[in-house]
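Asks: Contents of data-v7.tsv (TSV, C-alpha atoms):
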chain	number	residue	atom	x	y	z
A	1	MET	CA	-4.81	-32.34	-3.20
A	2	GLN	CA	-6.77	-30.79	-6.05
A	3	PRO	CA	-4.22	-28.87	-8.17
A	4	TYR	CA	-4.58	-25.14	-8.54
A	5	VAL	CA	-5.34	-23.96	-12.07
A	6	MET	CA	-3.32	-21.30	-13.87
A	7	THR	CA	-4.39	-19.70	-17.13
A	8	VAL	CA	-3.24	-16.91	-19.43
A	9	SER	CA	-5.28	-14.31	-21.28
A	10	PRO	CA	-5.88	-15.76	-24.77
A	11	ASP	CA	-4.19	-12.72	-26.37
A	12	PHE	CA	-0.67	-13.97	-25.56
A	13	PRO	CA	1.54	-14.79	-28.56
A	14	PRO	CA	1.31	-18.51	-29.56
A	15	ALA	CA	5.11	-18.69	-29.67
A	16	GLN	CA	5.10	-18.27	-25.89
A	17	ILE	CA	2.83	-21.21	-25.03
A	18	ALA	CA	5.81	-23.36	-24.05
A	19	GLY	CA	7.10	-20.50	-21.89
A	20	TRP	CA	4.01	-20.55	-19.69
A	21	TYR	CA	4.40	-24.30	-19.12
A	22	ILE	CA	8.04	-23.75	-18.15
A	23	PHE	CA	6.95	-20.95	-15.81
A	24	ASN	CA	4.42	-23.30	-14.25
A	25	THR	CA	7.09	-25.95	-13.59
A	26	TRP	CA	9.30	-23.29	-11.99
A	27	LEU	CA	6.39	-21.96	-9.92
A	28	GLN	CA	5.36	-25.39	-8.60
A	29	ARG	CA	8.91	-26.06	-7.43
A	30	GLN	CA	9.14	-22.69	-5.72
A	31	LEU	CA	5.73	-22.82	-4.04
A	32	GLY	CA	5.61	-26.56	-3.40
A	33	VAL	CA	2.01	-26.83	-4.54
A	34	PRO	CA	0.52	-28.57	-7.59
A	35	ILE	CA	-0.57	-26.22	-10.38
A	36	HIS	CA	-2.16	-27.24	-13.66
A	37	VAL	CA	-1.96	-24.98	-16.74
A	38	SER	CA	-5.21	-24.61	-18.65
A	39	LEU	CA	-5.08	-22.52	-21.82
A	40	PHE	CA	-8.06	-21.35	-23.84
A	41	ASP	CA	-8.39	-20.50	-27.52
A	42	ASP	CA	-10.82	-17.66	-26.96
A	43	PHE	CA	-12.02	-15.22	-24.32
A	44	ALA	CA	-15.57	-16.61	-24.11
A	45	SER	CA	-14.54	-20.14	-23.09
A	46	GLN	CA	-12.03	-18.77	-20.57
A	47	ARG	CA	-14.63	-16.49	-19.01
A	48	ALA	CA	-17.07	-19.38	-18.65
A	49	VAL	CA	-14.51	-21.27	-16.53
A	50	ILE	CA	-13.74	-18.12	-14.52
A	51	GLN	CA	-17.44	-17.67	-13.78
A	52	ASN	CA	-17.49	-21.22	-12.36
A	53	ASP	CA	-14.54	-20.35	-10.08
A	54	GLY	CA	-12.30	-22.77	-11.98
A	55	ILE	CA	-9.21	-20.51	-12.11
A	56	ASP	CA	-6.75	-19.72	-9.30
A	57	LEU	CA	-3.94	-17.85	-11.01
A	58	ILE	CA	-4.35	-15.82	-14.18
A	59	TYR	CA	-2.21	-13.56	-16.32
A	60	ALA	CA	-5.16	-11.34	-17.17
A	61	ASN	CA	-5.65	-8.58	-19.66
A	62	PRO	CA	-6.80	-5.31	-18.04
A	63	PHE	CA	-10.35	-5.72	-19.31
A	64	ASP	CA	-10.80	-9.06	-17.54
A	65	ALA	CA	-8.78	-7.88	-14.52
A	66	ALA	CA	-11.59	-5.47	-13.70
A	67	MET	CA	-14.13	-8.27	-13.50
A	68	LEU	CA	-11.77	-10.64	-11.66
A	69	VAL	CA	-10.91	-8.11	-8.94
A	70	ARG	CA	-14.28	-6.45	-8.48
A	71	GLU	CA	-16.57	-9.47	-8.92
A	72	LYS	CA	-14.43	-12.49	-8.10
A	73	GLY	CA	-12.23	-11.14	-5.32
A	74	PHE	CA	-8.91	-11.81	-7.07
A	75	THR	CA	-5.80	-10.07	-5.75
A	76	ALA	CA	-3.23	-8.34	-7.93
A	77	ILE	CA	0.21	-9.84	-7.49
A	78	ALA	CA	2.53	-8.51	-10.20
A	79	THR	CA	2.76	-6.89	-13.62
A	80	PRO	CA	5.41	-7.46	-16.27
A	81	LEU	CA	8.30	-4.99	-16.25
A	82	HIS	CA	8.35	-2.34	-19.01
A	83	LYS	CA	5.37	-3.78	-20.84
A	84	SER	CA	2.15	-1.84	-21.23
A	85	ASP	CA	-0.77	-2.78	-23.46
A	86	GLU	CA	-0.76	-0.49	-26.46
A	87	ALA	CA	-2.70	-0.69	-29.71
A	88	ILE	CA	-1.70	0.10	-33.27
A	89	ILE	CA	-4.08	0.94	-36.10
A	90	ALA	CA	-2.45	0.07	-39.40
A	91	VAL	CA	-3.36	0.30	-43.09
A	92	ALA	CA	-1.90	-1.25	-46.22
A	93	VAL	CA	1.23	0.65	-47.21
A	94	ASP	CA	-0.40	2.02	-50.38
A	95	SER	CA	-3.64	3.09	-48.67
A	96	PRO	CA	-4.69	6.70	-49.42
A	97	VAL	CA	-5.49	7.11	-45.71
A	98	GLN	CA	-2.81	9.25	-44.06
A	99	ARG	CA	-4.46	10.17	-40.75
A	100	ILE	CA	-7.33	8.98	-38.60
A	101	GLU	CA	-9.52	11.89	-39.71
A	102	ASP	CA	-9.31	10.62	-43.32
A	103	LEU	CA	-11.41	7.59	-42.33
A	104	THR	CA	-15.14	7.72	-42.98
A	105	PRO	CA	-18.22	5.82	-41.76
A	106	GLY	CA	-18.59	2.39	-43.31
A	107	ILE	CA	-14.89	1.50	-43.17
A	108	ARG	CA	-14.02	-2.18	-42.90
A	109	ILE	CA	-12.01	-3.09	-39.80
A	110	ALA	CA	-10.06	-6.31	-39.29
A	111	ALA	CA	-9.55	-7.19	-35.63
A	112	THR	CA	-9.09	-10.07	-33.22
A	113	ASP	CA	-11.38	-10.52	-30.21
A	114	ASP	CA	-8.79	-8.93	-27.88
A	115	PRO	CA	-10.97	-6.63	-25.73
A	116	ASP	CA	-8.22	-4.20	-24.68
A	117	VAL	CA	-6.86	-3.63	-28.14
A	118	ASN	CA	-10.32	-3.20	-29.60
A	119	LEU	CA	-11.31	-0.75	-26.86
A	120	ILE	CA	-8.18	1.38	-27.25
A	121	ALA	CA	-8.31	1.27	-31.05
A	122	MET	CA	-11.98	2.28	-31.18
A	123	ILE	CA	-11.16	5.25	-28.91
A	124	MET	CA	-8.46	6.30	-31.37
A	125	LEU	CA	-11.11	6.28	-34.14
A	126	GLU	CA	-13.43	8.67	-32.28
A	127	PRO	CA	-11.87	11.86	-33.69
A	128	ALA	CA	-13.10	10.65	-37.12
A	129	ASP	CA	-16.67	10.31	-35.73
A	130	LEU	CA	-16.41	6.53	-35.98
A	131	SER	CA	-18.01	4.15	-33.51
A	132	ALA	CA	-19.14	0.52	-33.43
A	133	GLN	CA	-22.42	1.70	-34.95
A	134	ASN	CA	-20.99	3.02	-38.21
A	135	VAL	CA	-18.10	0.67	-39.01
A	136	GLN	CA	-17.96	-2.92	-40.25
A	137	THR	CA	-15.77	-5.10	-38.06
A	138	HIS	CA	-14.58	-8.51	-39.18
A	139	THR	CA	-13.12	-10.57	-36.33
A	140	VAL	CA	-10.39	-13.09	-37.07
A	141	ASP	CA	-8.44	-15.45	-34.82
A	142	THR	CA	-4.93	-14.01	-35.00
A	143	TYR	CA	-3.03	-10.81	-35.74
A	144	VAL	CA	-1.42	-12.50	-38.74
A	145	LEU	CA	-4.91	-12.89	-40.19
A	146	VAL	CA	-5.61	-9.19	-39.47
A	147	ALA	CA	-2.53	-8.35	-41.53
A	148	LYS	CA	-3.61	-10.76	-44.25
A	149	ARG	CA	-7.00	-9.06	-44.62
A	150	LEU	CA	-5.25	-5.69	-45.02
A	151	LEU	CA	-2.82	-7.05	-47.61
A	152	GLN	CA	-5.65	-8.67	-49.58
A	153	GLY	CA	-7.67	-5.45	-49.60
A	154	GLN	CA	-10.45	-7.02	-47.52
A	155	ALA	CA	-10.11	-4.41	-44.76
A	156	ASP	CA	-9.38	-0.67	-44.69
A	157	VAL	CA	-7.72	-0.68	-41.25
A	158	GLY	CA	-6.48	-3.35	-38.88
A	159	PHE	CA	-6.24	-3.33	-35.08
A	160	PHE	CA	-3.08	-4.79	-33.57
A	161	LEU	CA	-1.60	-5.28	-30.14
A	162	ARG	CA	1.69	-3.34	-30.38
A	163	ASP	CA	3.77	-6.36	-29.39
A	164	ALA	CA	1.98	-8.56	-31.93
A	165	PHE	CA	2.53	-6.00	-34.69
A	166	GLN	CA	6.22	-5.90	-33.91
A	167	THR	CA	6.53	-9.67	-34.15
A	168	LEU	CA	4.99	-9.83	-37.65
A	169	SER	CA	7.56	-10.85	-40.24
A	170	GLY	CA	9.61	-8.09	-41.86
A	171	MET	CA	8.02	-8.86	-45.20
A	172	ILE	CA	4.49	-8.34	-43.82
A	173	GLN	CA	5.47	-5.23	-41.85
A	174	ARG	CA	6.92	-3.61	-44.99
A	175	GLN	CA	3.54	-3.95	-46.69
A	176	LEU	CA	1.73	-2.25	-43.80
A	177	ARG	CA	1.82	1.31	-42.52
A	178	GLU	CA	1.18	2.37	-38.93
A	179	LEU	CA	-1.51	5.07	-38.82
A	180	ILE	CA	-1.49	5.65	-35.08
A	181	ARG	CA	-0.25	3.94	-31.94
A	182	SER	CA	-1.48	4.47	-28.42
A	183	GLU	CA	0.79	5.76	-25.66
A	184	ILE	CA	-1.31	5.11	-22.60
A	185	HIS	CA	1.39	3.38	-20.49
A	186	VAL	CA	-0.80	2.49	-17.50
A	187	ILE	CA	-2.97	-0.24	-19.05
A	188	ARG	CA	-1.13	-3.48	-18.45
A	189	HIS	CA	-1.65	-7.19	-18.08
A	190	VAL	CA	-1.56	-8.31	-14.48
A	191	LEU	CA	-1.00	-11.60	-12.67
A	192	LEU	CA	-3.96	-12.15	-10.35
A	193	ALA	CA	-4.45	-14.80	-7.67
A	194	SER	CA	-7.78	-16.13	-6.44
A	195	PRO	CA	-8.90	-16.12	-2.79
A	196	ARG	CA	-8.26	-19.93	-2.80
A	197	LEU	CA	-4.55	-19.15	-3.28
A	198	GLN	CA	-4.52	-16.70	-0.35
A	199	GLU	CA	-1.80	-18.62	1.52
A	200	GLN	CA	0.57	-18.26	-1.45
A	201	HIS	CA	0.04	-14.53	-2.10
A	202	GLN	CA	2.95	-13.32	0.02
A	203	GLN	CA	5.30	-15.97	-1.33
A	204	LEU	CA	4.38	-15.03	-4.90
A	205	ARG	CA	5.09	-11.38	-4.10
A	206	ARG	CA	8.49	-12.39	-2.79
A	207	LEU	CA	9.41	-14.81	-5.59
A	208	LEU	CA	8.31	-13.00	-8.73
A	209	PRO	CA	10.25	-9.71	-8.46
A	210	ALA	CA	13.42	-11.70	-7.76
A	211	MET	CA	12.93	-13.95	-10.77
A	212	ASN	CA	15.17	-11.92	-13.09
A	213	THR	CA	18.06	-11.93	-10.65
A	214	ASP	CA	19.11	-15.53	-11.28
A	215	LEU	CA	20.01	-17.31	-14.51
A	216	LYS	CA	17.28	-19.92	-14.32
A	217	GLY	CA	14.60	-17.33	-13.65
A	218	GLN	CA	15.89	-15.17	-16.51
A	219	GLY	CA	15.61	-18.14	-18.86
A	220	VAL	CA	12.02	-18.80	-17.83
A	221	LEU	CA	11.14	-15.12	-18.30
A	222	ALA	CA	12.75	-15.05	-21.73
A	223	SER	CA	10.64	-18.02	-22.83
A	224	MET	CA	7.53	-16.05	-21.83
A	225	GLY	CA	8.71	-12.91	-23.62
A	226	LEU	CA	8.99	-10.99	-20.35
A	227	GLN	CA	11.86	-9.04	-18.78
A	228	GLY	CA	10.70	-9.54	-15.21
A	229	TRP	CA	7.90	-8.85	-12.78
A	230	GLU	CA	7.16	-5.92	-10.55
A	231	ILE	CA	4.77	-5.97	-7.62
A	232	GLN	CA	1.35	-4.54	-8.33
A	233	GLU	CA	-0.31	-3.06	-5.27
A	234	GLN	CA	-4.06	-3.43	-5.00
A	235	GLU	CA	-4.55	0.32	-5.35
A	236	ASP	CA	-2.55	0.29	-8.63
A	237	THR	CA	-5.00	-2.28	-9.94
A	238	GLU	CA	-8.01	-0.37	-8.62
A	239	PHE	CA	-6.69	2.73	-10.41
A	240	MET	CA	-6.25	0.82	-13.67
A	241	ILE	CA	-9.79	-0.53	-13.33
A	242	ASP	CA	-11.15	2.98	-12.72
A	243	LEU	CA	-9.29	4.12	-15.82
A	244	MET	CA	-10.69	1.24	-17.88
A	245	ASP	CA	-14.13	2.17	-16.57
A	246	THR	CA	-13.79	5.67	-18.02
A	247	LEU	CA	-12.99	4.19	-21.42
A	248	VAL	CA	-15.95	1.85	-21.65
A	249	ASN	CA	-19.13	3.54	-22.83
B	1	MET	CA	-4.53	30.54	-6.70
B	2	GLU	CA	-2.36	33.26	-8.29
B	3	ASP	CA	-3.51	35.42	-11.18
B	4	MET	CA	-2.01	34.64	-14.60
B	5	THR	CA	0.54	37.27	-15.67
B	6	ASN	CA	2.31	38.35	-18.84
B	7	LYS	CA	5.37	36.53	-17.48
B	8	ASP	CA	3.80	33.30	-18.78
B	9	VAL	CA	1.49	34.57	-21.53
B	10	ARG	CA	2.78	36.48	-24.52
B	11	GLU	CA	0.67	39.15	-26.20
B	12	PRO	CA	-1.80	39.26	-27.81
B	13	TYR	CA	-4.19	38.02	-25.14
B	14	THR	CA	-7.48	38.98	-23.52
B	15	GLU	CA	-7.93	39.33	-19.79
B	16	HIS	CA	-10.82	37.77	-17.84
B	17	ARG	CA	-11.74	37.43	-14.18
B	18	LEU	CA	-13.17	34.01	-13.33
B	19	CYS	CA	-15.22	33.40	-10.19
B	20	TYR	CA	-15.28	29.79	-9.02
B	21	TYR	CA	-17.86	27.77	-7.10
B	22	ASP	CA	-15.82	27.95	-3.88
B	23	GLY	CA	-15.82	31.75	-3.77
B	24	ASN	CA	-12.28	32.15	-5.11
B	25	SER	CA	-11.55	34.20	-8.20
B	26	ARG	CA	-8.62	34.58	-10.54
B	27	CYS	CA	-7.50	36.74	-13.45
B	28	VAL	CA	-6.72	34.62	-16.54
B	29	LEU	CA	-4.99	35.67	-19.76
B	30	VAL	CA	-6.35	33.98	-22.87
B	31	LYS	CA	-4.90	33.58	-26.36
B	32	ASP	CA	-6.92	32.58	-29.41
B	33	GLU	CA	-4.54	29.75	-30.20
B	34	GLU	CA	-5.31	26.03	-30.02
B	35	THR	CA	-2.84	23.34	-28.97
B	36	PRO	CA	-3.52	20.04	-30.78
B	37	PHE	CA	-4.31	17.02	-28.60
B	38	PRO	CA	-1.38	14.54	-28.58
B	39	GLU	CA	-2.14	11.60	-30.90
B	40	GLY	CA	-2.73	8.26	-29.19
B	41	LYS	CA	-2.44	9.64	-25.66
B	42	LEU	CA	-4.79	9.98	-22.74
B	43	ILE	CA	-4.66	12.81	-20.22
B	44	VAL	CA	-5.30	11.36	-16.78
B	45	SER	CA	-5.75	12.98	-13.41
B	46	ARG	CA	-7.23	12.25	-10.03
B	47	THR	CA	-8.73	14.72	-7.60
B	48	ASP	CA	-10.03	14.47	-4.09
B	49	LEU	CA	-13.74	14.96	-3.53
B	50	ARG	CA	-13.26	18.75	-3.35
B	51	GLY	CA	-11.67	18.82	-6.82
B	52	ILE	CA	-8.07	19.25	-5.64
B	53	ILE	CA	-5.55	17.56	-7.96
B	54	THR	CA	-3.79	14.64	-6.25
B	55	HIS	CA	-2.31	12.88	-9.32
B	56	CYS	CA	-1.68	13.73	-12.96
B	57	ASN	CA	0.12	11.91	-15.73
B	58	GLN	CA	2.86	13.20	-18.02
B	59	ALA	CA	0.41	14.01	-20.84
B	60	PHE	CA	-1.54	16.22	-18.42
B	61	VAL	CA	1.64	18.06	-17.42
B	62	GLU	CA	2.77	18.52	-21.03
B	63	MET	CA	-0.59	19.79	-22.28
B	64	SER	CA	-1.29	22.12	-19.37
B	65	GLY	CA	2.14	23.74	-19.48
B	66	TYR	CA	2.42	23.61	-15.68
B	67	THR	CA	4.92	21.46	-13.82
B	68	GLU	CA	3.60	18.55	-11.79
B	69	ALA	CA	4.58	20.39	-8.61
B	70	GLU	CA	2.54	23.40	-9.73
B	71	LEU	CA	-0.52	21.22	-10.34
B	72	ILE	CA	-0.61	18.90	-7.32
B	73	GLY	CA	-2.62	20.47	-4.54
B	74	GLN	CA	-4.35	22.99	-6.84
B	75	PRO	CA	-8.06	22.99	-7.69
B	76	HIS	CA	-8.78	21.35	-11.04
B	77	TYR	CA	-10.26	24.68	-12.15
B	78	ILE	CA	-6.69	25.89	-12.66
B	79	LEU	CA	-7.44	24.77	-16.26
B	80	ARG	CA	-10.82	26.53	-16.51
B	81	HIS	CA	-11.22	28.43	-19.76
B	82	PRO	CA	-13.54	31.47	-19.69
B	83	ASP	CA	-15.47	30.10	-22.71
B	84	MET	CA	-16.69	27.15	-20.60
B	85	PRO	CA	-20.20	27.59	-19.19
B	86	LYS	CA	-20.62	27.03	-15.46
B	87	ALA	CA	-23.60	24.74	-16.15
B	88	ILE	CA	-21.32	22.12	-17.73
B	89	PHE	CA	-19.20	21.76	-14.60
B	90	LYS	CA	-22.26	21.87	-12.35
B	91	ASP	CA	-23.72	18.99	-14.33
B	92	ALA	CA	-20.41	17.11	-14.17
B	93	TRP	CA	-20.11	17.37	-10.38
B	94	GLU	CA	-23.75	16.51	-9.77
B	95	THR	CA	-23.55	13.49	-12.10
B	96	VAL	CA	-20.38	12.15	-10.50
B	97	ALA	CA	-21.72	12.78	-6.98
B	98	ARG	CA	-24.67	10.51	-7.85
B	99	GLY	CA	-22.12	7.79	-8.65
B	100	GLU	CA	-22.70	8.04	-12.40
B	101	LYS	CA	-20.12	8.44	-15.12
B	102	TRP	CA	-19.97	11.89	-16.76
B	103	HIS	CA	-18.89	12.49	-20.36
B	104	GLY	CA	-18.50	15.82	-22.06
B	105	TYR	CA	-16.44	18.13	-24.24
B	106	VAL	CA	-14.25	20.61	-22.41
B	107	LYS	CA	-12.08	23.52	-23.52
B	108	ASN	CA	-9.09	23.79	-21.19
B	109	LEU	CA	-6.76	26.74	-20.61
B	110	CYS	CA	-2.98	26.20	-20.64
B	111	LYS	CA	-0.50	28.07	-18.50
B	112	ASP	CA	0.67	30.02	-21.59
B	113	GLY	CA	-2.87	31.21	-22.39
B	114	ARG	CA	-3.46	28.77	-25.26
B	115	TYR	CA	-6.28	26.19	-25.15
B	116	TYR	CA	-7.03	22.57	-26.04
B	117	TRP	CA	-10.27	20.67	-26.48
B	118	VAL	CA	-10.84	17.26	-24.92
B	119	TYR	CA	-13.52	14.63	-24.61
B	120	ALA	CA	-13.56	14.07	-20.86
B	121	THR	CA	-14.90	11.26	-18.73
B	122	ILE	CA	-15.09	11.54	-14.94
B	123	ILE	CA	-15.91	8.76	-12.50
B	124	LEU	CA	-16.09	8.45	-8.76
B	125	ASN	CA	-13.48	6.12	-7.23
B	126	VAL	CA	-15.12	3.83	-4.70
B	127	ARG	CA	-13.04	1.83	-2.21
B	128	ALA	CA	-14.64	-0.52	0.31
B	129	GLY	CA	-18.00	1.05	-0.45
B	130	ASN	CA	-16.84	4.62	0.13
B	131	ALA	CA	-16.29	7.39	-2.44
B	132	VAL	CA	-12.68	8.48	-2.00
B	133	SER	CA	-11.69	10.44	-5.11
B	134	CYS	CA	-12.44	11.10	-8.77
B	135	THR	CA	-10.60	9.95	-11.89
B	136	SER	CA	-10.79	12.08	-15.01
B	137	VAL	CA	-9.59	10.82	-18.39
B	138	ARG	CA	-9.42	13.09	-21.44
B	139	ARG	CA	-9.07	11.87	-25.00
B	140	LYS	CA	-8.86	13.42	-28.44
B	141	PRO	CA	-12.32	14.71	-29.39
B	142	SER	CA	-14.22	14.63	-32.65
B	143	ARG	CA	-13.87	17.99	-34.41
B	144	THR	CA	-17.52	17.79	-35.47
B	145	GLN	CA	-18.57	17.48	-31.84
B	146	VAL	CA	-16.23	20.27	-30.77
B	147	ASP	CA	-17.68	22.59	-33.41
B	148	ALA	CA	-21.18	21.80	-32.16
B	149	CYS	CA	-20.07	22.51	-28.58
B	150	ILE	CA	-18.52	25.85	-29.51
B	151	ALA	CA	-21.92	27.06	-30.69
B	152	TYR	CA	-23.83	25.47	-27.79
B	153	TYR	CA	-21.44	26.72	-25.09
B	154	ALA	CA	-21.61	30.24	-26.51
B	155	GLN	CA	-25.40	30.14	-26.04
B	156	LEU	CA	-25.02	28.91	-22.47
B	157	LYS	CA	-22.48	31.64	-21.71
B	158	GLN	CA	-24.83	34.22	-23.16
B	159	ALA	CA	-27.55	32.99	-20.81
B	160	GLU	CA	-25.22	33.41	-17.80
B	161	VAL	CA	-24.98	37.15	-18.34
Would you kindly transcribe this structure into structure tokens?
Replies:
Amino acid sequence: MQPYVMTVSPDFPPAQIAGWYIFNTWLQRQLGVPIHVSLFDDFASQRAVIQNDGIDLIYANPFDAAMLVREKGFTAIATPLHKSDEAIIAVAVDSPVQRIEDLTPGIRIAATDDPDVNLIAMIMLEPADLSAQNVQTHTVDTYVLVAKRLLQGQADVGFFLRDAFQTLSGMIQRQLRELIRSEIHVIRHVLLASPRLQEQHQQLRRLLPAMNTDLKGQGVLASMGLQGWEIQEQEDTEFMIDLMDTLVN
Amino acid sequence: MEDMTNKDVREPYTEHRLCYYDGNSRCVLVKDEETPFPEGKLIVSRTDLRGIITHCNQAFVEMSGYTEAELIGQPHYILRHPDMPKAIFKDAWETVARGEKWHGYVKNLCKDGRYYWVYATIILNVRAGNAVSCTSVRRKPSRTQVDACIAYYAQLKQAEV
């Protein structure tokens, strides 16, 4: 039997790579089907495989979830407990910028290629009349490199996923200052299953919410940096997609 | 919908009677006092296809000054500020009814008579090929754009008279 393929949005913290492999081992035992983990370094290469229907289970960021549900017929299974996608815009601690409205056209932005964070952060810049057309964005591979560009004076502001910002070392965090953080709450990563996995949908919905009720499951969750799963109804996902749609110009 | 009263709005205020598209009308009490948009937040609501509120998030509740129970089941025009031209809402509904996304700057009226400006986006929610509801998301607007709208909306209001 051809194994199913599971992947994770490339914006997950590198420290949790092992956790997803452990989760996969746990999942295969529970479902009794072969699953292969395939991780990607960037969004473009992952999307190319998705377009060729090469993915069956994906922990997707909300931006990609829209495409997967509406165009590829994926079904929402679960979202992580108490974990929404929020963005932080930060500056170097000694920056003269105190509020978003202090920023002016031409500013240099350091960012990763995380579509959700970049979307939310650009929305938070709108009150300063800033848009993709009048800023300079330099894209780097990791949030540590975003911080580095701020500390070296190569960027005026940096875009961070909230969780990534909070896992920066104390020394780096002390040299940065949070300008604004989003409080949107309803934009979240979601575990989606392909139509090929249809037979396993119900079992996944039964297994995942119960995962944090036993010691083994709790250990697996901890290695992924999650507290647990809660079931995501299809309408919840549709609503999140509608909301994302309002945010994309 | 009930008229606004001085139970909720402290003086000084001005009194206006608003007539809505569905034939209803309401007396509103308006203060010249702006409430700042909450940093980093989005105000989210859903209405049915007649514009009746079916869902609103906590930021919506906090900014409007109404309780969630007071909002659900009411027409979205419960937030209508008398400075808003009718043409803006007509354009919004016609755009959304065509299945297109509508963007615009809106001045909303709070329960206590104060106001707040938003940059609003409204889309039609389509399920299984059918339009079932509308989602509206409001975010913090650019002050430059708001200032431009204040002048433009005043012209449109003038033309309504």
Asks: Leaving out Thr246 in chain A and any residue of its chain fewer than 4 positions from it, which residues lie within 8 Å of it when counting only C-alpha atoms, given as a JSON list (two decimals) with C-alpha atoms, in the frame of the given file?
Replies:
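Saved result, part_14.json, follows:
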[["chain", "number", "residue", "atom", "x", "y", "z"],
["A", 242, "ASP", "CA", -11.15, 2.98, -12.72],
["B", 101, "LYS", "CA", -20.12, 8.44, -15.12],
["B", 121, "THR", "CA", -14.90, 11.26, -18.73],
["B", 122, "ILE", "CA", -15.09, 11.54, -14.94],
["B", 123, "ILE", "CA", -15.91, 8.76, -12.50],
["B", 136, "SER", "CA", -10.79, 12.08, -15.01],
["B", 137, "VAL", "CA", -9.59, 10.82, -18.39]]
Asks: Report as a PyMOL selection string all protein, DNA and RNA residues lying within 7 Å of Leu191 in chain A, evaluated on only C-alpha atoms, omitting residues in the same chain fewer than 4 positions from it.
Replies: chain A and resi 58-60+76-79
Asks: Give me, please, the distance in Å between CA of Ile184 in chain A and CA of Glu86 in chain A, quoted to one decimal.
Replies: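 Going from CA of Ile184 in chain A over to CA of Glu86 in chain A covers 6.8 Å.
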Asks: Between B:Asp112, B:Asp91, B:Asp147, B:Asp22, which is the closest to Met1 in chain B once you count all atoms listed in the file?
Replies: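 Of B:Asp112, B:Asp91, B:Asp147, B:Asp22, the one nearest Met1 in chain B, counting all atoms listed in the file, is B:Asp22.
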Asks: Quick one: which residues from chain A are at most 12 Å off chain B, using only C-alpha atoms, as a ChimeraX atom specification?
Replies: /A:70,86-89,99-101,120-131,179-187,234-235,237-249
Asks: By how many Å are CA of Gln46 in chain A and CA of Thr7 in chain A apart?
Replies: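 Rounded to one decimal, the two atoms are 8.4 Å apart.
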Asks: Name the residues in contact with Leu18 in chain B at a cut-off of 7 Å, using only C-alpha atoms, excluding same-chain residues fewer than 2 positions from it; report them as a PyMOL selection string.
Replies: chain B and resi 16+20+25-27+82
Asks: Counting all atoms listed in the file, which of A:Val157, A:Leu151, A:Val140, A:Val146 gets nearest to Ile109 in chain A?
Replies: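 Smallest distance to Ile109 in chain A is found for A:Val157.
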Asks: Between A:Ile107, A:Leu81, A:Val97, A:Ala132, which has the minimum distance to Ile231 in chain A (counting only C-alpha atoms)?
Replies: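 Looking only at the distances to Ile231 in chain A, the closest residue turns out to be A:Leu81.
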Asks: Just give me the gap between CA of His82 in chain A and CA of Asp48 in chain B in Å, one decimal is fine.
Replies: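 Straight-line distance from CA of His82 in chain A to CA of Asp48 in chain B works out to 29.0 Å.
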Asks: So that I can see what lies close to Lys107 in chain B, please list as a list in words the residues with an atom at most 7 Å from it, counting only C-alpha atoms and leaving out residues fewer than 5 positions away in the same chain.
Replies: His81, Met84, Tyr115, Tyr116, Trp117 and Val118 of chain B
Asks: Box in all listed atoms of range 101-107 of chain B, axis-aligned, with 4 Å more on each side; write out centre and edge lengths in Å to one decimal as JSON.
Replies:
{"center_x": -16.1, "center_y": 16.0, "center_z": -19.7, "size_x": 16.0, "size_y": 23.1, "size_z": 17.1}
Asks: Compile the contact shell of Arg206 in chain A as a list of chain:residue names: residues with an atom at most 12 Å away, counting all atoms listed in the file, same-chain residues fewer than 3 positions apart removed.
Replies: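 Residues meeting the cut-off are A:Gln30, A:Leu31, A:Ile77, A:Ala78, A:Gln200, A:His201, A:Gln202, A:Gln203, A:Pro209, A:Ala210, A:Met211, A:Trp229, A:Glu230, A:Ile231, A:Gln232.
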Asks: Could you check which of A:Asp56, A:Asp141, A:Asp64, A:Asp94 is closest to Pro14 in chain A, using all atoms listed in the file?
Replies: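 Nearest candidate to Pro14 in chain A out of A:Asp56, A:Asp141, A:Asp64, A:Asp94: A:Asp141.
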Asks: Go through A:Ser95, A:Ser84, A:Gln218, A:Asn118 and flag the residue nearest Gln175 in chain A, using only C-alpha atoms for the distances.
Replies: A:Ser95
Asks: Every residue with an atom at most 10 Å from (-1.6, 27.7, -19.8) (file coordinates; all atoms listed in the file) is what I'm after, so could you write them as a list of chain:residue names?
Replies: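 Applying the cut-off with all atoms listed in the file, one gets B:Met4, B:Asp8, B:Val9, B:Val28, B:Leu29, B:Val30, B:Lys31, B:Met63, B:Ser64, B:Gly65, B:Tyr66, B:Ile78, B:Leu79, B:Arg80, B:His81, B:Asn108, B:Leu109, B:Cys110, B:Lys111, B:Asp112, B:Gly113, B:Arg114, B:Tyr115, B:Tyr116.
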Asks: Which is closest to Ile50 in chain A among A:Ile22, A:Ala92, A:Ile35, A:Val5, if we use only C-alpha atoms?
Replies: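 Between A:Ile22, A:Ala92, A:Ile35, A:Val5, the residue approaching Ile50 in chain A most closely is A:Val5.
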